[in-house]
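Trainee: What follows is a structure written as structure tokens; I'll ask about it next.
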Amino acid sequence: MTRRQSTSIFKLTIYLFLLAFTIPAPIVSQPVNRSLTFAVIGDSGTGKAGQYAVARQMKAACEKNRFEFVLMLGDNIYSNGDAKNFKKKFELPYAALLNDGVKFYASLGNHDVRKGLNTQINYDKFNMGGQRYYTFTKGAGLVEFFALDSTKMDEAQLAWLEDRLQASTARWKVAFFHHPLYSSGKRHGSEMNLRTTLEPLFVRYQVNVVFSGHDHFYERIKPQQGVQYFVEGASGQLRKNGMKKKSDLTAISNDVTHSFLIVQVKAAEMQVEAISEDGAVIDRVTLPQPAAKAMAR
């Protein structure tokens, strides 16, 4: 080795030594302990005693474990969605929650669209942004919500839904709308045409949970093709004894009391509680996040 080569190697060694102390260490992102709590109501907008009883229990639940928003599963304003009933059948029953800054995100039911479609989608307290269907994300990307219009499931909405589901990077995907794909109701029951249309998308793009109303009771459906379905249509209306008994679909149900849901979401699991108008817990289930469950194996 020549003196010139030796000098060059020495200079390179010194340079690399100094470089190690001047380049900042890479920032390693730490996992964020994200969590989210929200409520769910369906078929709520009666302005009657049952709605007020549920609203009082929602307020009590919010004081115990703060939730920032509520999903509405349609039939928000009976009997035809008329804006003249917004105050009586929404603002007054939920005044305590609205005053606390709790937001409501609505989807449309069959009663809503009879007269009030345009006024409801543009009503600022329903947060629909002038759209029949829309999406939003909460919990720093923890959950993406897909609000659908099941009263008019046209090709444009289906194309939009597939595009948004495919693009979603949320850990949990939650769809909510009025007409249930699965229900043990005597009056309405499962919407088979809607199931044929929507279920393949839910399965293909790994939607985790679906909330619907329309039948006026609470029902947790046994998981269907990896998707957990809930019927919550008893937050204002109630059809006592309106369920088919010993239905193969039913995991847990209640058709004798008004109710609502409280949902707590973490990265690895989601807990759903059904709460009656007198504050009793009528169902509680913990759903593991499939990706987290697979990693734990």
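In the structure tokens, chains take letters A, B, ... by order of appearance, with residues numbered from 1 within each chain and ligands from 1 in the order shown.
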Mind the document's chain letters and residue numbers, and return as a CSV table (one decimal) with N, CA, C and O atoms, in the first residue's frame the residues of stretch 89-277 of chain A that DSSP labels strand (DSSP E or B).
Mentor:
chain,number,residue,atom,x,y,z
A,103,LYS,N,-71.9,15.3,18.7
A,103,LYS,CA,-72.4,15.4,17.3
A,103,LYS,C,-73.2,14.2,16.9
A,103,LYS,O,-73.0,13.1,17.4
A,104,PHE,N,-74.1,14.4,16.0
A,104,PHE,CA,-75.0,13.3,15.5
A,104,PHE,C,-74.7,13.2,14.0
A,104,PHE,O,-74.7,14.1,13.3
A,105,TYR,N,-74.5,11.9,13.5
A,105,TYR,CA,-74.3,11.6,12.1
A,105,TYR,C,-75.5,10.7,11.7
A,105,TYR,O,-75.6,9.6,12.1
A,106,ALA,N,-76.3,11.2,10.8
A,106,ALA,CA,-77.5,10.6,10.4
A,106,ALA,C,-77.4,9.8,9.1
A,106,ALA,O,-76.6,10.1,8.2
A,134,TYR,N,-72.2,9.1,2.7
A,134,TYR,CA,-71.0,9.8,3.0
A,134,TYR,C,-70.1,8.9,3.9
A,134,TYR,O,-70.6,7.9,4.4
A,135,THR,N,-68.9,9.4,4.1
A,135,THR,CA,-68.0,8.6,4.9
A,135,THR,C,-67.2,9.6,5.8
A,135,THR,O,-67.0,10.8,5.4
A,136,PHE,N,-66.7,9.2,7.0
A,136,PHE,CA,-65.9,10.0,7.8
A,136,PHE,C,-65.0,9.0,8.7
A,136,PHE,O,-65.4,7.9,8.9
A,137,THR,N,-63.9,9.6,9.1
A,137,THR,CA,-63.0,8.8,9.9
A,137,THR,C,-62.8,9.4,11.3
A,137,THR,O,-62.7,10.6,11.4
A,138,LYS,N,-62.7,8.6,12.3
A,138,LYS,CA,-62.5,9.0,13.7
A,138,LYS,C,-61.3,8.2,14.3
A,138,LYS,O,-60.9,7.2,13.9
A,143,VAL,N,-61.1,4.2,13.0
A,143,VAL,CA,-62.4,3.7,12.4
A,143,VAL,C,-62.8,4.6,11.3
A,143,VAL,O,-62.8,5.8,11.4
A,144,GLU,N,-63.2,4.0,10.2
A,144,GLU,CA,-63.9,4.7,9.1
A,144,GLU,C,-65.3,4.3,9.1
A,144,GLU,O,-65.6,3.1,9.1
A,145,PHE,N,-66.2,5.2,9.0
A,145,PHE,CA,-67.7,5.0,9.0
A,145,PHE,C,-68.2,5.3,7.6
A,145,PHE,O,-67.9,6.3,7.0
A,146,PHE,N,-69.1,4.4,7.2
A,146,PHE,CA,-69.8,4.5,5.9
A,146,PHE,C,-71.3,4.6,6.1
A,146,PHE,O,-71.9,3.6,6.4
A,147,ALA,N,-71.8,5.8,5.9
A,147,ALA,CA,-73.2,6.1,6.0
A,147,ALA,C,-73.9,5.9,4.7
A,147,ALA,O,-73.5,6.6,3.7
A,172,TRP,N,-60.6,-0.3,11.5
A,172,TRP,CA,-61.9,-0.8,11.6
A,172,TRP,C,-62.8,-0.2,10.5
A,172,TRP,O,-62.7,1.1,10.3
A,173,LYS,N,-63.7,-0.9,9.9
A,173,LYS,CA,-64.6,-0.4,8.9
A,173,LYS,C,-66.0,-0.7,9.4
A,173,LYS,O,-66.4,-1.8,9.7
A,174,VAL,N,-66.8,0.4,9.6
A,174,VAL,CA,-68.2,0.3,10.1
A,174,VAL,C,-69.2,0.9,9.1
A,174,VAL,O,-69.0,2.1,8.8
A,175,ALA,N,-70.2,0.1,8.7
A,175,ALA,CA,-71.2,0.7,7.9
A,175,ALA,C,-72.5,0.9,8.7
A,175,ALA,O,-72.8,0.1,9.6
A,176,PHE,N,-73.3,1.9,8.4
A,176,PHE,CA,-74.5,2.1,9.1
A,176,PHE,C,-75.6,2.7,8.1
A,176,PHE,O,-75.3,3.5,7.3
A,185,GLY,N,-87.1,-9.9,12.4
A,185,GLY,CA,-88.4,-9.2,12.6
A,185,GLY,C,-89.6,-9.9,11.9
A,185,GLY,O,-89.5,-10.3,10.8
A,209,VAL,N,-68.2,-4.3,11.1
A,209,VAL,CA,-69.5,-4.2,11.8
A,209,VAL,C,-70.5,-3.4,11.0
A,209,VAL,O,-70.1,-2.4,10.3
A,210,VAL,N,-71.8,-3.8,11.0
A,210,VAL,CA,-72.8,-3.1,10.3
A,210,VAL,C,-74.0,-2.9,11.3
A,210,VAL,O,-74.4,-3.8,12.0
A,211,PHE,N,-74.4,-1.6,11.4
A,211,PHE,CA,-75.5,-1.2,12.3
A,211,PHE,C,-76.7,-0.8,11.4
A,211,PHE,O,-76.6,0.0,10.5
A,212,SER,N,-77.9,-1.4,11.7
A,212,SER,CA,-79.1,-1.0,10.9
A,212,SER,C,-80.3,-0.9,11.9
A,212,SER,O,-80.2,-1.4,13.1
A,218,TYR,N,-84.1,-4.7,19.5
A,218,TYR,CA,-82.6,-4.9,19.4
A,218,TYR,C,-82.3,-6.3,19.1
A,218,TYR,O,-82.9,-7.2,19.7
A,219,GLU,N,-81.4,-6.5,18.2
A,219,GLU,CA,-80.9,-7.9,17.9
A,219,GLU,C,-79.5,-7.9,17.5
A,219,GLU,O,-79.0,-7.1,16.7
A,220,ARG,N,-78.7,-8.8,18.1
A,220,ARG,CA,-77.3,-9.0,17.7
A,220,ARG,C,-77.4,-10.3,16.9
A,220,ARG,O,-77.7,-11.4,17.4
A,221,ILE,N,-77.0,-10.2,15.6
A,221,ILE,CA,-77.0,-11.3,14.7
A,221,ILE,C,-75.8,-12.2,14.9
A,221,ILE,O,-74.7,-11.7,15.2
A,224,GLN,N,-72.0,-13.3,10.2
A,224,GLN,CA,-72.3,-13.8,8.9
A,224,GLN,C,-71.1,-13.5,8.0
A,224,GLN,O,-70.8,-12.3,7.7
A,227,VAL,N,-68.7,-10.9,9.2
A,227,VAL,CA,-69.2,-9.6,9.5
A,227,VAL,C,-70.2,-9.6,10.6
A,227,VAL,O,-71.1,-10.5,10.7
A,228,GLN,N,-70.1,-8.7,11.6
A,228,GLN,CA,-71.0,-8.7,12.7
A,228,GLN,C,-72.1,-7.6,12.4
A,228,GLN,O,-71.9,-6.5,12.2
A,229,TYR,N,-73.4,-8.1,12.5
A,229,TYR,CA,-74.5,-7.2,12.2
A,229,TYR,C,-75.3,-7.0,13.5
A,229,TYR,O,-75.5,-7.9,14.3
A,230,PHE,N,-75.8,-5.8,13.6
A,230,PHE,CA,-76.7,-5.4,14.7
A,230,PHE,C,-78.0,-4.7,14.2
A,230,PHE,O,-77.9,-3.9,13.2
A,231,VAL,N,-79.1,-5.0,14.8
A,231,VAL,CA,-80.3,-4.3,14.5
A,231,VAL,C,-80.6,-3.5,15.8
A,231,VAL,O,-80.8,-4.0,16.9
A,232,GLU,N,-80.7,-2.2,15.6
A,232,GLU,CA,-81.1,-1.3,16.7
A,232,GLU,C,-82.2,-0.3,16.2
A,232,GLU,O,-81.8,0.8,15.7
A,243,MET,N,-90.4,-10.0,17.3
A,243,MET,CA,-89.4,-10.9,16.7
A,243,MET,C,-89.9,-12.3,16.5
A,243,MET,O,-90.7,-12.8,17.3
A,250,THR,N,-80.4,-15.2,15.5
A,250,THR,CA,-80.3,-14.4,16.7
A,250,THR,C,-79.2,-15.0,17.6
A,250,THR,O,-79.2,-16.1,18.0
A,251,ALA,N,-78.3,-14.0,18.0
A,251,ALA,CA,-77.4,-14.4,19.1
A,251,ALA,C,-78.0,-13.9,20.4
A,251,ALA,O,-78.1,-14.7,21.4
A,252,ILE,N,-78.4,-12.6,20.5
A,252,ILE,CA,-79.0,-12.0,21.7
A,252,ILE,C,-80.1,-11.0,21.1
A,252,ILE,O,-79.8,-10.3,20.1
A,253,SER,N,-81.2,-10.9,21.8
A,253,SER,CA,-82.2,-10.0,21.3
A,253,SER,C,-83.0,-9.4,22.5
A,253,SER,O,-83.1,-10.0,23.6
A,254,ASN,N,-83.8,-8.4,22.2
A,254,ASN,CA,-84.7,-7.8,23.2
A,254,ASN,C,-85.8,-7.0,22.4
A,254,ASN,O,-85.4,-6.0,21.7
A,259,SER,N,-84.1,1.0,23.5
A,259,SER,CA,-82.7,0.8,23.8
A,259,SER,C,-81.8,1.6,22.9
A,259,SER,O,-82.3,2.2,21.9
A,260,PHE,N,-80.5,1.6,23.2
A,260,PHE,CA,-79.5,2.2,22.4
A,260,PHE,C,-78.2,1.5,22.6
A,260,PHE,O,-78.1,0.6,23.4
A,261,LEU,N,-77.2,1.8,21.8
A,261,LEU,CA,-75.9,1.1,21.9
A,261,LEU,C,-74.8,2.1,22.3
A,261,LEU,O,-74.8,3.3,21.9
A,262,ILE,N,-73.8,1.6,23.1
A,262,ILE,CA,-72.6,2.3,23.4
A,262,ILE,C,-71.5,1.4,22.9
A,262,ILE,O,-71.4,0.2,23.2
A,263,VAL,N,-70.6,2.0,22.0
A,263,VAL,CA,-69.5,1.2,21.4
A,263,VAL,C,-68.2,1.8,21.8
A,263,VAL,O,-68.0,3.0,21.7
A,264,GLN,N,-67.3,1.0,22.3
A,264,GLN,CA,-65.9,1.4,22.6
A,264,GLN,C,-65.0,0.6,21.7
A,264,GLN,O,-65.0,-0.6,21.7
A,265,VAL,N,-64.1,1.4,21.0
A,265,VAL,CA,-63.2,0.8,20.1
A,265,VAL,C,-61.8,1.0,20.5
A,265,VAL,O,-61.4,2.2,20.8
A,266,LYS,N,-61.0,0.0,20.4
A,266,LYS,CA,-59.5,0.1,20.5
A,266,LYS,C,-58.9,-0.7,19.3
A,266,LYS,O,-59.6,-1.2,18.5
A,269,GLU,N,-59.7,-4.5,19.7
A,269,GLU,CA,-61.1,-5.0,20.0
A,269,GLU,C,-62.1,-3.9,20.0
A,269,GLU,O,-61.8,-2.7,20.1
A,270,MET,N,-63.4,-4.3,19.8
A,270,MET,CA,-64.5,-3.4,19.9
A,270,MET,C,-65.5,-4.0,20.9
A,270,MET,O,-65.9,-5.2,20.7
A,271,GLN,N,-66.0,-3.2,21.8
A,271,GLN,CA,-67.0,-3.7,22.7
A,271,GLN,C,-68.3,-3.0,22.5
A,271,GLN,O,-68.3,-1.7,22.4
A,272,VAL,N,-69.4,-3.7,22.3
A,272,VAL,CA,-70.7,-3.1,22.1
A,272,VAL,C,-71.6,-3.5,23.2
A,272,VAL,O,-71.8,-4.7,23.6
A,273,GLU,N,-72.3,-2.5,23.8
A,273,GLU,CA,-73.3,-2.7,24.9
A,273,GLU,C,-74.6,-2.2,24.4
A,273,GLU,O,-74.7,-1.1,23.9
A,274,ALA,N,-75.6,-3.0,24.6
A,274,ALA,CA,-77.0,-2.5,24.4
A,274,ALA,C,-77.6,-2.2,25.7
A,274,ALA,O,-77.6,-3.0,26.7
A,275,ILE,N,-78.1,-0.9,25.9
A,275,ILE,CA,-78.6,-0.4,27.1
A,275,ILE,C,-80.1,-0.1,27.0
A,275,ILE,O,-80.5,0.6,26.0
A,276,SER,N,-80.9,-0.5,28.0
A,276,SER,CA,-82.3,-0.3,27.9
A,276,SER,C,-82.7,1.1,28.4
A,276,SER,O,-81.8,1.9,28.9
Trainee: Which polymer residues have any atom within 10 Å of an atom of A:Ser79, counting only C-alpha atoms, with same-chain residues fewer than 4 positions away left out, as a list in words?
Mentor: Gly45, Thr46, Asp75, Asn85, Asn110, His111, Asp112, Val113, Arg114, Lys115 and Gly116 of chain A
Trainee: Could you tell me, as a VMD selection string, which residues of stretch 72-168 of chain A DSSP assigns to alpha helix (DSSP H) when given the backbone?
Mentor: chain A and resid 86 95 to 99 117 to 121 155 to 167
Trainee: Can you work out which one of A:Leu161, A:Ala53, A:Leu194, A:Val285 has the shortest atom-to-atom distance to A:Thr257, counting only C-alpha atoms?
Mentor: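 When distances to A:Thr257 are compared using only C-alpha atoms, the smallest one comes from A:Ala53.
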